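Everything below concerns the one structure shown next.
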Amino acid sequence: MGKLRTCRRQRGRRVAKAAAVAVAFLGFGGPVSAASRTSPTPHGFADTASLLGKPGGTGLIRADEVTYDTGTKIVTAQGHVEIDYNDRILLADTVTYDQVHDTATADGHVSILEPNGMVAFASHAVLRDKMRDGVADGFSALIGQKGRFAAVKVTRTKNGTILTGIRGVYSSCKVCDQPGKRTPLWQVRARKVVYNQPEHEIVYRDATFEMFGVPIGYTPYFSHPDPTVKRRSGLLPPELGSSSILGSFARLPAYIALNDSQDATIAPTFTTHAGVLLETEYRQRWNSGGMWLQASGAYNPNGGPNEDEHQWYGSLFGSGRIPLWDNLWHLGFDAQFTSNQTFLKRYNLSILDRLVNDLFVEGLSGRSRFDLGGYYFQGLRLTDAQELFPLVLPALSYTYIQEHDVLGGEDRLDINGAAVSRDSGPNSQRLSAEARWRLPLVTGNGQLITFQADVRGDVFRVTNNDLADFPDIPEKADYVWRGLPYLALDWRWPFVSSAFMGGTSLVVQPIVQAIAAPYGGNPSGIPNEDSRDFELDDTNLFSLEHLPGYDVAETGPRANAGFEGTAFFPSGGSVDLLVGQTYRLKPDPNLATFIGFENQHDTSDVIERFTIKFPAHFSLTHRADIDQETGNLRRNEVYVDGTWGRSVLELSYLKIEEPDPTIDLPSRQEVNGQATIGILDYWVLFAGARRDIENDRMIDSEFGLGYEDECLGVSVAYRRVFTSDRDLPPSTSVLFRFNLKTGDQSGQPYSLFPRHVFTTP
């Protein structure tokens with residue numbers, strides 16, 4: 001049996017008798033010298049002119065000694081033989097070439113470097129047809145970067161592109177021809193192995209799978225792509241496990257490569273308690289777009305609260321940007337839909353509890369954009385009433401920005417409209433138009449001053465069929481008009497020091513924004529559809545218009561003030577601090593329900609963000625909302641990320657003191673942590689947990705142990721979910737993953753402990 005060898009002894013190329021003979025030939029055609037039997041003149045390796053042969057020559061021989069028999073026309077090269085012919089390089093101790101039969105016989109430490117980069121080794125080889133075909137004994141080869149193939153005997157046919165091995169073995173594991181290192185972690189051993197290089201396919205007949213040299217399975221036929229293939233249709237690593245909700249289960253994914261721009265995945269999951277789940281995914285790419293669709297369906301014979309109902313479930317996720325013409329227009333969509341409120345959690349497909357679907361046509365021209373589409377929302381929380389969720393159709397958005405400045409500044413026009421309908425509650429149609437002019441200036445001493453003038457007009461048509469729940473919205477059709485002008489000034493003055501603490505650069509800038517606007521921009525009768533989910537934080541503190549959407553407007557004179565300071569260290573790290581606050585001449589009751597404005601005073605909470613970054617090992621971010629009267633933390637967030645080698649640590653802490661009624665979330669305090677710790681050479685430990693401090697209970701936890709090297713990935717994980725959701729009680733699961741790697745591609749981050757399919761916690 002051939003041996004998998006990657007430890008090849010180094011042979012010195014500096015010889016006592018350095019001689020070389022250059023041969024110009026086609027198929028070694030033409031003698032070295034018609035009258036000589038040995039090379040009469042030694043040539044140093046630096047003598048490139050003699051080594052390259054005559055013009056038009058295609059081959060080169062280097063050796064300690066070369067003899068040529070004029071009678072038999074046999075060339076014999078001995079001692080550190082190197083033959084470069086037709087982009088193939090043959091190394092051996094001895095090579096005999098028969099010019100009449102075009103046959104080269106190589107013995108002793110034979111190695112061949114192919115034009116495609118494959119390196120082959122043998123103890124004895126007979127090569128024909130310009131070194132392309134032949135037979136090799138004691139054969140081994142390195143395919144790609146990781147593939148290792150060996151056989152007792154190999155036959156090369158079809159111009160050297162087909163290798164047929166007898167009693168062959170293949171593995172992608174590192175092995176070495178040294179005591180104690182000859183057995184790979186896994187290998188495939190077969191009576192016959194065929195390597196089709198043009199098709200990049202390795203086929204086995206009568207194959208046995210071995211782990212640590214012990215047979216664990218047999219198949220009469222098996223094939224897989226060679227390591228150079230990035231994608232090919234075939235089976236993907238299975239996932240096995242057990243869950244208190246699903247029972248024992250097995251997920252058996254398969255990958256389908258349709259062509260260079262299309263592929264698909266099919267993954268059935270068989271369970272002992274929750275029936276069968278089928279996941280499918282289709283992906284396609286274009287030069288200026290792409291799409292993916294994930295459709296899942298399941299049949300559960302033990303569904304319902306009492307586990308006695310036959311239930312069918314389904315879901316559809318996806319996204320697409322499809323070019324229509326001239327790369328100016330696109331058809332786009334985002335899909336998130338499920339037929340059952342607990343289906344996604346039951347089968348660990350997603351943790352999303354609010355789903356958003358949209359379909360739109362988009363046109364881009366220069367700096368302008370047009371968008372026409374619609375939205376459909378689905379709620380999966382226990383308190384969600386689907387009849388209250390709106391259908392937005394149509395939704396119109398148009399932005400026009402002139403290519404050239406107007407009066408030295410940027411001129412912009414926005415038109416936006418939406419029609420909102422629902423089964424129960426307010427229905428409305430809105431059309432808005434906004435014109436904006438913006439002029440940035442830089443003074444001689446470095447001050448950054450930006451002037452902005454803005455005017456917006458809105459018209460609403462509103463009806464309501466649920467006065468009991470929405471008493472402020474009129475029942476009959478009512479038209480509401482409003483105008484919202486403002487003038488704004490943004491002032492910043494950055495100070496820069498490059499000689500601070502041994503080369504550290506320090507940038508500090510105060511920021512002041514003043515907005516002059518009239519009061520009374522929120523007349524009664526306008527439903528709040530698109531301005532509900534808002535909190536004042538570091539991302540919108542220095543925005544001239546804090547509130548998102550069009551329904552609720554921030555009106556009246558106001559100002560934003562604060563500063564930002566950043567230190568840039570020579571090592572590449574940085575420390576950044578931002579602090580600021582919003583001021584008003586008088587409180588605005590329309591802002592009282594939003595986080596950051598709850599105090600109903602003329603000043604907002606103090607907003608702070610502190611960030612430390614030392615790529616690529618450590619980062620820390622602290623974000624806070626501080627009550628301007630008491631100094632209490634209304635919102636407190638801490639995020640820590642650390643990376644060192646194969647170890648990764650992620651910690652987060654969140655505390656929100658006041659409940660948020662606008663998006664149906666209570667006050668909460670949570671801590672979330674997960675760590676992947678590399679131990680020894682290839683082993684890793686994983687641990688993750690999430691705890692609800694507010695209610696003193698665990699939410700979920702996971703622990704795992706894994707091993708991953710260049711050819712094998714295996715892990716086992718334990719997970720406990722402590723919460724319940726309608727017909728889903730708290731659950732415990734154990735998951736086993738196993739992956740035999742046959743390609744050159746390296747493992748992906750978290751490949752041993754992947755997160756959820758559609759989203760991550």
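Scheme for the structure tokens: letters A, B, ... for chains in order shown; per-chain residue numbers from 1; ligand numbers from 1 in order shown.
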
What lies within 7 Å of region 222-239 of chain A using only C-alpha atoms, ignoring chain neighbours under 4 positions off, as JSON, numbers by chain?
-> {"A": [143, 144, 146, 147, 200, 201, 202, 203, 204, 205, 207, 250, 251, 252, 253, 254, 255, 256, 257, 735, 736, 737, 738, 739, 742, 743, 744]}

Name the residues of region 412-560 of chain A that come out as strand (DSSP E or B) in a backbone DSSP run; write them as a PyMOL selection string.
-> chain A and resi 412-421+426-442+448-464+478-492+495-500+504-516+535+558-560
